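**Q** Contents of upload02.pdb (PDB, C-alpha atoms, pLDDT in the B column) are given next:
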```
MODEL        1
ATOM      1  CA  LEU A   9     -15.088 -13.187  12.729  1.00 89.00           C
ATOM      2  CA  PRO A  10     -12.597 -14.231  15.417  1.00 91.00           C
ATOM      3  CA  ASP A  11      -9.223 -15.221  13.983  1.00 92.00           C
ATOM      4  CA  PRO A  12      -8.867 -18.963  14.646  1.00 91.00           C
ATOM      5  CA  SER A  13      -5.064 -18.727  14.670  1.00 90.00           C
ATOM      6  CA  ASP A  14      -4.825 -15.689  16.976  1.00 89.00           C
ATOM      7  CA  ARG A  15      -7.447 -14.961  19.617  1.00 85.00           C
ATOM      8  CA  ARG A  16      -6.387 -11.309  19.734  1.00 91.00           C
ATOM      9  CA  GLY A  17      -7.347 -10.689  16.110  1.00 92.00           C
ATOM     10  CA  VAL A  18     -10.403 -10.668  13.940  1.00 93.00           C
ATOM     11  CA  LEU A  19     -10.970 -11.489  10.290  1.00 93.00           C
ATOM     12  CA  VAL A  20     -12.865  -8.927   8.234  1.00 92.00           C
ATOM     13  CA  ARG A  21     -14.621  -9.417   4.920  1.00 92.00           C
ATOM     14  CA  LEU A  22     -15.747  -6.424   2.892  1.00 94.00           C
ATOM     15  CA  THR A  23     -19.240  -6.169   1.503  1.00 96.00           C
ATOM     16  CA  PRO A  24     -19.548  -5.345  -2.192  1.00 96.00           C
ATOM     17  CA  GLU A  25     -20.245  -1.708  -1.196  1.00 97.00           C
ATOM     18  CA  GLY A  26     -17.200  -1.698   1.082  1.00 96.00           C
ATOM     19  CA  ARG A  27     -15.040  -3.096  -1.703  1.00 96.00           C
ATOM     20  CA  ASP A  28     -16.281  -0.363  -4.080  1.00 96.00           C
ATOM     21  CA  ARG A  29     -15.487   2.338  -1.503  1.00 95.00           C
ATOM     22  CA  ALA A  30     -12.016   0.942  -0.911  1.00 95.00           C
ATOM     23  CA  ASP A  31     -11.392   0.795  -4.675  1.00 96.00           C
ATOM     24  CA  GLN A  32     -12.515   4.419  -5.045  1.00 94.00           C
ATOM     25  CA  ALA A  33     -10.268   5.553  -2.193  1.00 94.00           C
ATOM     26  CA  LEU A  34      -7.279   3.744  -3.675  1.00 96.00           C
ATOM     27  CA  ALA A  35      -7.979   5.164  -7.128  1.00 96.00           C
ATOM     28  CA  GLY A  36      -7.962   8.675  -5.660  1.00 93.00           C
ATOM     29  CA  LEU A  37      -4.717   8.009  -3.812  1.00 95.00           C
ATOM     30  CA  LEU A  38      -3.049   6.648  -6.949  1.00 96.00           C
ATOM     31  CA  ALA A  39      -4.150   9.711  -8.925  1.00 96.00           C
ATOM     32  CA  GLN A  40      -2.599  11.985  -6.298  1.00 95.00           C
ATOM     33  CA  GLU A  41       0.638   9.998  -6.331  1.00 94.00           C
ATOM     34  CA  ARG A  42       0.833  10.204 -10.130  1.00 94.00           C
ATOM     35  CA  ALA A  43       0.305  13.973  -9.969  1.00 96.00           C
ATOM     36  CA  ILE A  44       3.205  14.287  -7.516  1.00 94.00           C
ATOM     37  CA  LEU A  45       5.536  11.937  -9.382  1.00 96.00           C
ATOM     38  CA  VAL A  46       4.960  13.521 -12.796  1.00 96.00           C
ATOM     39  CA  GLU A  47       7.351  16.287 -11.708  1.00 95.00           C
ATOM     40  CA  LEU A  48      10.209  13.762 -11.505  1.00 97.00           C
ATOM     41  CA  SER A  49      12.124  12.396 -14.476  1.00 97.00           C
ATOM     42  CA  ARG A  50      12.132   8.657 -15.118  1.00 96.00           C
ATOM     43  CA  PRO A  51      15.622   8.260 -13.558  1.00 98.00           C
ATOM     44  CA  GLN A  52      14.528  10.257 -10.520  1.00 98.00           C
ATOM     45  CA  ARG A  53      11.431   8.070 -10.084  1.00 96.00           C
ATOM     46  CA  ARG A  54      13.624   4.965 -10.371  1.00 97.00           C
ATOM     47  CA  GLU A  55      16.018   6.375  -7.760  1.00 98.00           C
ATOM     48  CA  LEU A  56      13.124   7.241  -5.453  1.00 97.00           C
ATOM     49  CA  ALA A  57      11.715   3.720  -5.780  1.00 96.00           C
ATOM     50  CA  ASP A  58      15.119   2.220  -4.990  1.00 97.00           C
ATOM     51  CA  LEU A  59      15.547   4.439  -1.935  1.00 97.00           C
ATOM     52  CA  LEU A  60      12.051   3.660  -0.649  1.00 96.00           C
ATOM     53  CA  ARG A  61      12.709  -0.056  -1.150  1.00 95.00           C
ATOM     54  CA  GLN A  62      15.878   0.231   0.962  1.00 95.00           C
ATOM     55  CA  LEU A  63      14.050   2.225   3.614  1.00 96.00           C
ATOM     56  CA  THR A  64      11.199  -0.261   3.963  1.00 95.00           C
ATOM     57  CA  ALA A  65      13.203  -3.501   3.534  1.00 92.00           C
ATOM     58  CA  PRO A  66      13.660  -4.048   7.292  1.00 90.00           C
ATOM     59  CA  PHE A  67       9.890  -4.246   7.691  1.00 88.00           C
ATOM     60  CA  ASP A  68       9.810  -7.315   5.429  1.00 86.00           C
ATOM     61  CA  ASN A  69      11.576  -9.325   8.136  1.00 81.00           C
ATOM     62  CA  ILE A  70       9.348  -8.459  11.097  1.00 76.00           C
ATOM     63  CA  PRO A  71       7.656 -11.631  12.427  1.00 73.00           C
ATOM     64  CA  GLY A  72       3.914 -11.726  12.677  1.00 61.00           C
TER      65      GLY A  72
ENDMDL
END
```
How does this structure look as structure tokens?
**A**
Amino acid sequence: LPDPSDRRGVLVRLTPEGRDRADQALAGLLAQERAILVELSRPQRRELADLLRQLTAPFDNIPG
């Protein structure tokens, strides 16, 4: 559907099948991430999360 607040955009609604596919894709991605992160100790994972938070923080303030 056209976005009523921005004529350049559209609003999308997933069908139940689309939602299931998205859930499956995300589940696979999370499993891969867990497999990668299992090699790090708890302090290393905490440090990585902190560093990623710092790296992505500027994107929180982008308008739009």
**Q** Just to confirm, what's the straight-line distance from atom CA of A:Gly26 to atom CA of A:Pro12 in Å (one decimal)?
**A**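 Atom-to-atom, atom CA of A:Gly26 and atom CA of A:Pro12 are spaced 23.5 Å apart.
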**Q** Specify the axis-aligned box that encloses all atoms of stretch 19-37 of chain A listed in the file after padding of 8 Å on each side, stating its centre and edge lengths in Å to one decimal as lines of an AutoDock Vina configuration file.
**A**
```
center_x = -12.5
center_y = -1.4
center_z = 1.6
size_x = 31.5
size_y = 36.2
size_z = 33.4
```
**Q** What gap, in Å, lies between atom CA of A:Pro71 and atom CA of A:Leu37?
**A**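 Pair atom CA of A:Pro71 / atom CA of A:Leu37 returns 28.3 Å.
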**Q** By how many Å are atom CA of A:Leu56 and atom CA of A:Arg42 apart?
**A**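 Distance between the two atoms: 13.5 Å.
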